[in-house]
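All remarks here apply to the structure that follows.
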Amino acid sequence: MVSTKVKKRIQHYQKKALWPLFILLILVLLFVYFKGVLPDEKQVKIGVTYMTMNNDFYKTLNAELEKKTNQQGSRLYVRDPELDEGKQSQQIDFFVREKVDVIVINPVKSNSPSIISSLQKAKKAGIKIIVVDAPISQDVKVDTTIVSDNYQAGVLIAQDMMKRLPSANILLLEHRNAVSAMDRIQGFIDTIEKQPSYKIISQKETLGQTEETMPQVKGALDEGLDFNVVMALNDRAAIGALAAIKNQGLDKKISIYGVDGSPDIKNFLATTSDIEGTVAQSPIQMGRKVAQVIELMQEGKSYDSQYLIPVHLVNRDNISQYTVTGWQ
């Protein structure tokens with residue numbers, strides 16, 4: 001039988017042997033904690049500001065970017081300026097103070113003095129600038145621009161309209177501060193320019209928002225404007241136009257076109273005759289391209305000054321080829 005004195009001595013040595021393990025455990029926990037709390041000098045910091053997050057296009061683009069950057073171990077700061085150029089300028093200034101490596105911006109207004117000034121400060125601080133979905137003024141030397149072929153989107157809609165209708169009175173729904181939106185409108189206008197049977201009877205500012213579009217289209221109808229085609233800069237404006245027209249209880253057919261290829265519009269195309277067509281962009285491809293360029297930047301490899309993402313006309317003839325529940 002082991003004496004009490006021996007037992008105590010064994011217990012003493014056991015405790016003594018456990019101390020190194022205890023200390024090692026504490027050190028491991030401290031390492032894990034501080035690695036999570038303290039910034040990693042090698043971690044890529046990315047500041048992102050889209051003109052608005054009240055648009056599934058930008059939410060989808062950002063989700064794809066976030067997925068890729070998480071895989072790369074990058075840190076993402078995402079801000080929503082809510083279509084306010086002053087707020088977006090402040091967000092850029094915040095990114096500069098945070099010493100981000102890259103700023104990804106979809107400008108609220110391409111020639112905004114405050115946004116341009118803030119981006120110039122960012123460039124002086126050595127921050128890379130990637131512009132998405134809409135170009136920025138040439139007063140800022142950005143590193144690359146990643147956009148859809150917006151001019152071609154307008155061309156495709158005009159061609160489809162002329163194929164379906166021998167003549168048209170057209171209501172244009174615009175967002176004049178967004179270069180991408182105006183490029184779509186310009187592509188449409190240039191395509192019908194020499195065709196006198198296709199006439200633009202009015203142009204309305206909608207900011208590309210459903211809630212802004214509805215009163216504008218209602219006002220056009222209340223004024224007695226006679227139009228049978230709506231060319232909307234994006235799908236959100238197209239949906240606003242549809243809602244206003246439905247609320248008026250009009251019997252005559254009005255062909256409504258949008259741009260984006262959003263799930264909502266594709267659902268209308270698949271199940272109703274309310275929408276004539278849309279031109280599909282790909283926020284998924286755009287987000288992947290942004291992530292790819294950031295990786296090339298960090299590796300010191302070359303990349304293009306501009307990337308043009310192709311667009312495609314979607315209508316009831318080919319809607320079966322597209323996923324209705326999500327973006328492409």
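Each chain in the structure tokens gets a letter, A, B, ..., in the order shown, and its residues are numbered from 1; ligands are numbered from 1 in order too.
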
(message) Report as a PyMOL selection string all protein, DNA and RNA residues lying within 12 Å of Asp222 in chain A, evaluated on only C-alpha atoms, omitting residues in the same chain fewer than 3 positions from it.
(response) chain A and resi 215-219+225-226+244-245+247-248+250

(message) Can you tell me which residues surround Tyr58 in chain A at a distance of at most 12 Å, considering only C-alpha atoms, apart from same-chain residues fewer than 3 positions away, and format the answer as an MDAnalysis selection string?
(response) chainID A and resid 48:55 61:66 78:80 104:106 132:133 260 262 281:284 286:287 327

(message) Taking only C-alpha atoms into account, name the residue in A:Thr144, A:Ser117, A:Gln71, A:Asn169 that is nearest to Tyr303 in chain A.
(response)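 Result for the nearest residue to Tyr303 in chain A: A:Thr144.
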
(request) Once DSSP has gone over the backbone, tell me which residues of range 145-305 of chain A are in helix (DSSP H, G or I), as a count of residues only. (result) 81

(message) So, with only C-alpha atoms as the atoms that count, which of A:Ala238, A:Ile92, A:Ile185, A:Val293 lies closest to Glu211 in chain A?
(response) A:Ala238

Each residue of range 186-276 of chain A with at least one atom at most 8 Å from range 310-325 of chain A should appear once, together with its nearest atom pair and the corresponding distance in Å (one decimal); atoms considered: only C-alpha atoms; ordering: chain, then increasing residue number; output as a Markdown table.
| residue | atom | partner | partner_atom | distance |
| --- | --- | --- | --- | --- |
| A:Gly261 | CA | A:Val314 | CA | 7.2 |
| A:Pro263 | CA | A:Thr325 | CA | 5.3 |
| A:Asp264 | CA | A:Val324 | CA | 7.9 |
| A:Lys266 | CA | A:Val324 | CA | 5.4 |
| A:Asn267 | CA | A:Val324 | CA | 5.7 |
| A:Leu269 | CA | A:Arg316 | CA | 5.6 |
| A:Ala270 | CA | A:Ile319 | CA | 6.3 |
| A:Glu276 | CA | A:Asn315 | CA | 6.3 |

Requested write-out: N, CA, C and O atoms of the selected residues, as a PDB file, in the first residue's frame:
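Written file, again-v2.pdb:
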ATOM      1  N   GLY A 261     -31.471  42.149 -66.491  1.00  0.00           N
ATOM      2  CA  GLY A 261     -31.695  40.712 -66.437  1.00  0.00           C
ATOM      3  C   GLY A 261     -31.898  40.250 -65.010  1.00  0.00           C
ATOM      4  O   GLY A 261     -31.450  39.177 -64.609  1.00  0.00           O
ATOM      5  N   PRO A 263     -33.814  38.872 -61.585  1.00  0.00           N
ATOM      6  CA  PRO A 263     -34.779  37.771 -61.395  1.00  0.00           C
ATOM      7  C   PRO A 263     -36.231  38.232 -61.514  1.00  0.00           C
ATOM      8  O   PRO A 263     -37.063  37.504 -62.070  1.00  0.00           O
ATOM      9  N   ASP A 264     -36.559  39.408 -60.993  1.00  0.00           N
ATOM     10  CA  ASP A 264     -37.944  39.901 -61.054  1.00  0.00           C
ATOM     11  C   ASP A 264     -38.421  40.056 -62.489  1.00  0.00           C
ATOM     12  O   ASP A 264     -39.513  39.604 -62.847  1.00  0.00           O
ATOM     13  N   LYS A 266     -37.106  38.704 -65.208  1.00  0.00           N
ATOM     14  CA  LYS A 266     -37.126  37.414 -65.900  1.00  0.00           C
ATOM     15  C   LYS A 266     -38.359  36.599 -65.508  1.00  0.00           C
ATOM     16  O   LYS A 266     -38.905  35.860 -66.335  1.00  0.00           O
ATOM     17  N   ASN A 267     -38.804  36.758 -64.283  1.00  0.00           N
ATOM     18  CA  ASN A 267     -40.029  36.085 -63.856  1.00  0.00           C
ATOM     19  C   ASN A 267     -41.241  36.627 -64.617  1.00  0.00           C
ATOM     20  O   ASN A 267     -42.117  35.862 -65.044  1.00  0.00           O
ATOM     21  N   LEU A 269     -41.137  37.914 -67.598  1.00  0.00           N
ATOM     22  CA  LEU A 269     -41.005  37.415 -68.970  1.00  0.00           C
ATOM     23  C   LEU A 269     -41.452  35.958 -69.084  1.00  0.00           C
ATOM     24  O   LEU A 269     -42.044  35.563 -70.095  1.00  0.00           O
ATOM     25  N   ALA A 270     -41.171  35.190 -68.048  1.00  0.00           N
ATOM     26  CA  ALA A 270     -41.494  33.761 -68.087  1.00  0.00           C
ATOM     27  C   ALA A 270     -42.969  33.479 -67.851  1.00  0.00           C
ATOM     28  O   ALA A 270     -43.487  32.452 -68.312  1.00  0.00           O
ATOM     29  N   GLU A 276     -41.654  43.373 -72.315  1.00  0.00           N
ATOM     30  CA  GLU A 276     -41.243  42.965 -73.666  1.00  0.00           C
ATOM     31  C   GLU A 276     -39.853  42.355 -73.674  1.00  0.00           C
ATOM     32  O   GLU A 276     -39.580  41.404 -74.409  1.00  0.00           O
TER      33      GLU A 276
END

Which of range 267-323 of chain A fall in strand (DSSP E), as a PDB file with N, CA, C and O atoms, in the first residue's frame:
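To be explicit, this is the file written out as out.pdb:
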ATOM      1  N   GLY A 277     -38.963  42.913 -72.858  1.00  0.00           N
ATOM      2  CA  GLY A 277     -37.604  42.365 -72.845  1.00  0.00           C
ATOM      3  C   GLY A 277     -36.690  43.119 -71.902  1.00  0.00           C
ATOM      4  O   GLY A 277     -37.035  44.184 -71.370  1.00  0.00           O
ATOM      5  N   THR A 278     -35.535  42.562 -71.685  1.00  0.00           N
ATOM      6  CA  THR A 278     -34.490  43.196 -70.889  1.00  0.00           C
ATOM      7  C   THR A 278     -33.156  42.801 -71.497  1.00  0.00           C
ATOM      8  O   THR A 278     -33.066  41.844 -72.269  1.00  0.00           O
ATOM      9  N   VAL A 279     -32.126  43.562 -71.178  1.00  0.00           N
ATOM     10  CA  VAL A 279     -30.767  43.175 -71.590  1.00  0.00           C
ATOM     11  C   VAL A 279     -30.021  42.751 -70.336  1.00  0.00           C
ATOM     12  O   VAL A 279     -29.911  43.514 -69.369  1.00  0.00           O
ATOM     13  N   ALA A 280     -29.555  41.517 -70.349  1.00  0.00           N
ATOM     14  CA  ALA A 280     -28.958  40.926 -69.154  1.00  0.00           C
ATOM     15  C   ALA A 280     -27.498  41.338 -68.990  1.00  0.00           C
ATOM     16  O   ALA A 280     -26.680  41.159 -69.883  1.00  0.00           O
ATOM     17  N   GLN A 306      -9.242  48.442 -68.942  1.00  0.00           N
ATOM     18  CA  GLN A 306     -10.704  48.339 -69.009  1.00  0.00           C
ATOM     19  C   GLN A 306     -11.118  46.915 -69.346  1.00  0.00           C
ATOM     20  O   GLN A 306     -10.469  46.240 -70.147  1.00  0.00           O
ATOM     21  N   TYR A 307     -12.194  46.480 -68.718  1.00  0.00           N
ATOM     22  CA  TYR A 307     -12.802  45.185 -69.032  1.00  0.00           C
ATOM     23  C   TYR A 307     -14.260  45.431 -69.382  1.00  0.00           C
ATOM     24  O   TYR A 307     -14.991  46.069 -68.616  1.00  0.00           O
ATOM     25  N   LEU A 308     -14.679  44.935 -70.540  1.00  0.00           N
ATOM     26  CA  LEU A 308     -16.040  45.112 -71.009  1.00  0.00           C
ATOM     27  C   LEU A 308     -16.759  43.766 -70.901  1.00  0.00           C
ATOM     28  O   LEU A 308     -16.386  42.798 -71.560  1.00  0.00           O
ATOM     29  N   ILE A 309     -17.775  43.709 -70.047  1.00  0.00           N
ATOM     30  CA  ILE A 309     -18.530  42.475 -69.840  1.00  0.00           C
ATOM     31  C   ILE A 309     -19.671  42.421 -70.864  1.00  0.00           C
ATOM     32  O   ILE A 309     -20.475  43.360 -70.943  1.00  0.00           O
ATOM     33  N   HIS A 312     -26.644  40.564 -73.110  1.00  0.00           N
ATOM     34  CA  HIS A 312     -27.465  39.731 -73.980  1.00  0.00           C
ATOM     35  C   HIS A 312     -28.939  40.119 -73.857  1.00  0.00           C
ATOM     36  O   HIS A 312     -29.428  40.354 -72.742  1.00  0.00           O
ATOM     37  N   LEU A 313     -29.626  40.168 -74.982  1.00  0.00           N
ATOM     38  CA  LEU A 313     -31.058  40.436 -74.961  1.00  0.00           C
ATOM     39  C   LEU A 313     -31.813  39.219 -74.445  1.00  0.00           C
ATOM     40  O   LEU A 313     -31.569  38.091 -74.875  1.00  0.00           O
ATOM     41  N   VAL A 314     -32.739  39.448 -73.518  1.00  0.00           N
ATOM     42  CA  VAL A 314     -33.596  38.381 -72.996  1.00  0.00           C
ATOM     43  C   VAL A 314     -35.045  38.780 -73.244  1.00  0.00           C
ATOM     44  O   VAL A 314     -35.465  39.876 -72.875  1.00  0.00           O
ATOM     45  N   ASN A 315     -35.809  37.894 -73.890  1.00  0.00           N
ATOM     46  CA  ASN A 315     -37.229  38.141 -74.125  1.00  0.00           C
ATOM     47  C   ASN A 315     -37.985  36.822 -73.988  1.00  0.00           C
ATOM     48  O   ASN A 315     -37.415  35.810 -73.587  1.00  0.00           O
TER      49      ASN A 315
END

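Of note, CA of Lys67 in chain A and CA of Lys45 in chain A are spaced 14.6 Å apart.
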
(request) Have a look at CA of Ser118 in chain A and CA of Gly86 in chain A and let me know their distance in Å, one decimal. (result) 10.1 Å

(request) Give the answer as one residue: which of A:Lys163, A:Lys289, A:Lys253, A:Arg75 has the shortest atom-to-atom distance to Val131 in chain A, using only C-alpha atoms? (result)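 Closest candidate: A:Lys289.
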
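For the pair CA of Gly240 in chain A and CA of Ile157 in chain A, the interatomic distance is 18.2 Å.
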
I'd like the contact shell of Phe95 in chain A - 8 Å cut-off, only C-alpha atoms, skipping same-chain residues fewer than 5 positions apart - returned as a PDB file with all heavy atoms, in the first residue's frame.
ATOM      1  N   GLY A  47     -11.736  48.741 -49.731  1.00  0.00           N
ATOM      2  CA  GLY A  47     -12.888  49.597 -49.458  1.00  0.00           C
ATOM      3  C   GLY A  47     -13.831  49.584 -50.647  1.00  0.00           C
ATOM      4  O   GLY A  47     -13.400  49.769 -51.778  1.00  0.00           O
ATOM      5  N   VAL A 100      -6.527  51.500 -46.802  1.00  0.00           N
ATOM      6  CA  VAL A 100      -6.868  50.327 -47.600  1.00  0.00           C
ATOM      7  C   VAL A 100      -5.893  50.211 -48.762  1.00  0.00           C
ATOM      8  O   VAL A 100      -5.241  51.184 -49.153  1.00  0.00           O
ATOM      9  CB  VAL A 100      -8.328  50.404 -48.119  1.00  0.00           C
ATOM     10  CG1 VAL A 100      -9.319  50.516 -46.978  1.00  0.00           C
ATOM     11  CG2 VAL A 100      -8.511  51.541 -49.122  1.00  0.00           C
ATOM     12  N   ILE A 103      -9.569  50.545 -53.566  1.00  0.00           N
ATOM     13  CA  ILE A 103     -10.933  51.066 -53.468  1.00  0.00           C
ATOM     14  C   ILE A 103     -11.694  50.592 -54.700  1.00  0.00           C
ATOM     15  O   ILE A 103     -11.248  50.761 -55.830  1.00  0.00           O
ATOM     16  CB  ILE A 103     -10.963  52.605 -53.398  1.00  0.00           C
ATOM     17  CG1 ILE A 103     -10.415  53.078 -52.048  1.00  0.00           C
ATOM     18  CG2 ILE A 103     -12.387  53.137 -53.608  1.00  0.00           C
ATOM     19  CD1 ILE A 103     -10.302  54.586 -51.924  1.00  0.00           C
TER      20      ILE A 103
END

(message) Between A:Leu296, A:Ile46, A:Leu83, A:Leu76, which residue has the minimum interatomic distance to Ile129 in chain A, considering only C-alpha atoms?
(response)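 Under the stated criterion, the closest residue is A:Ile46.
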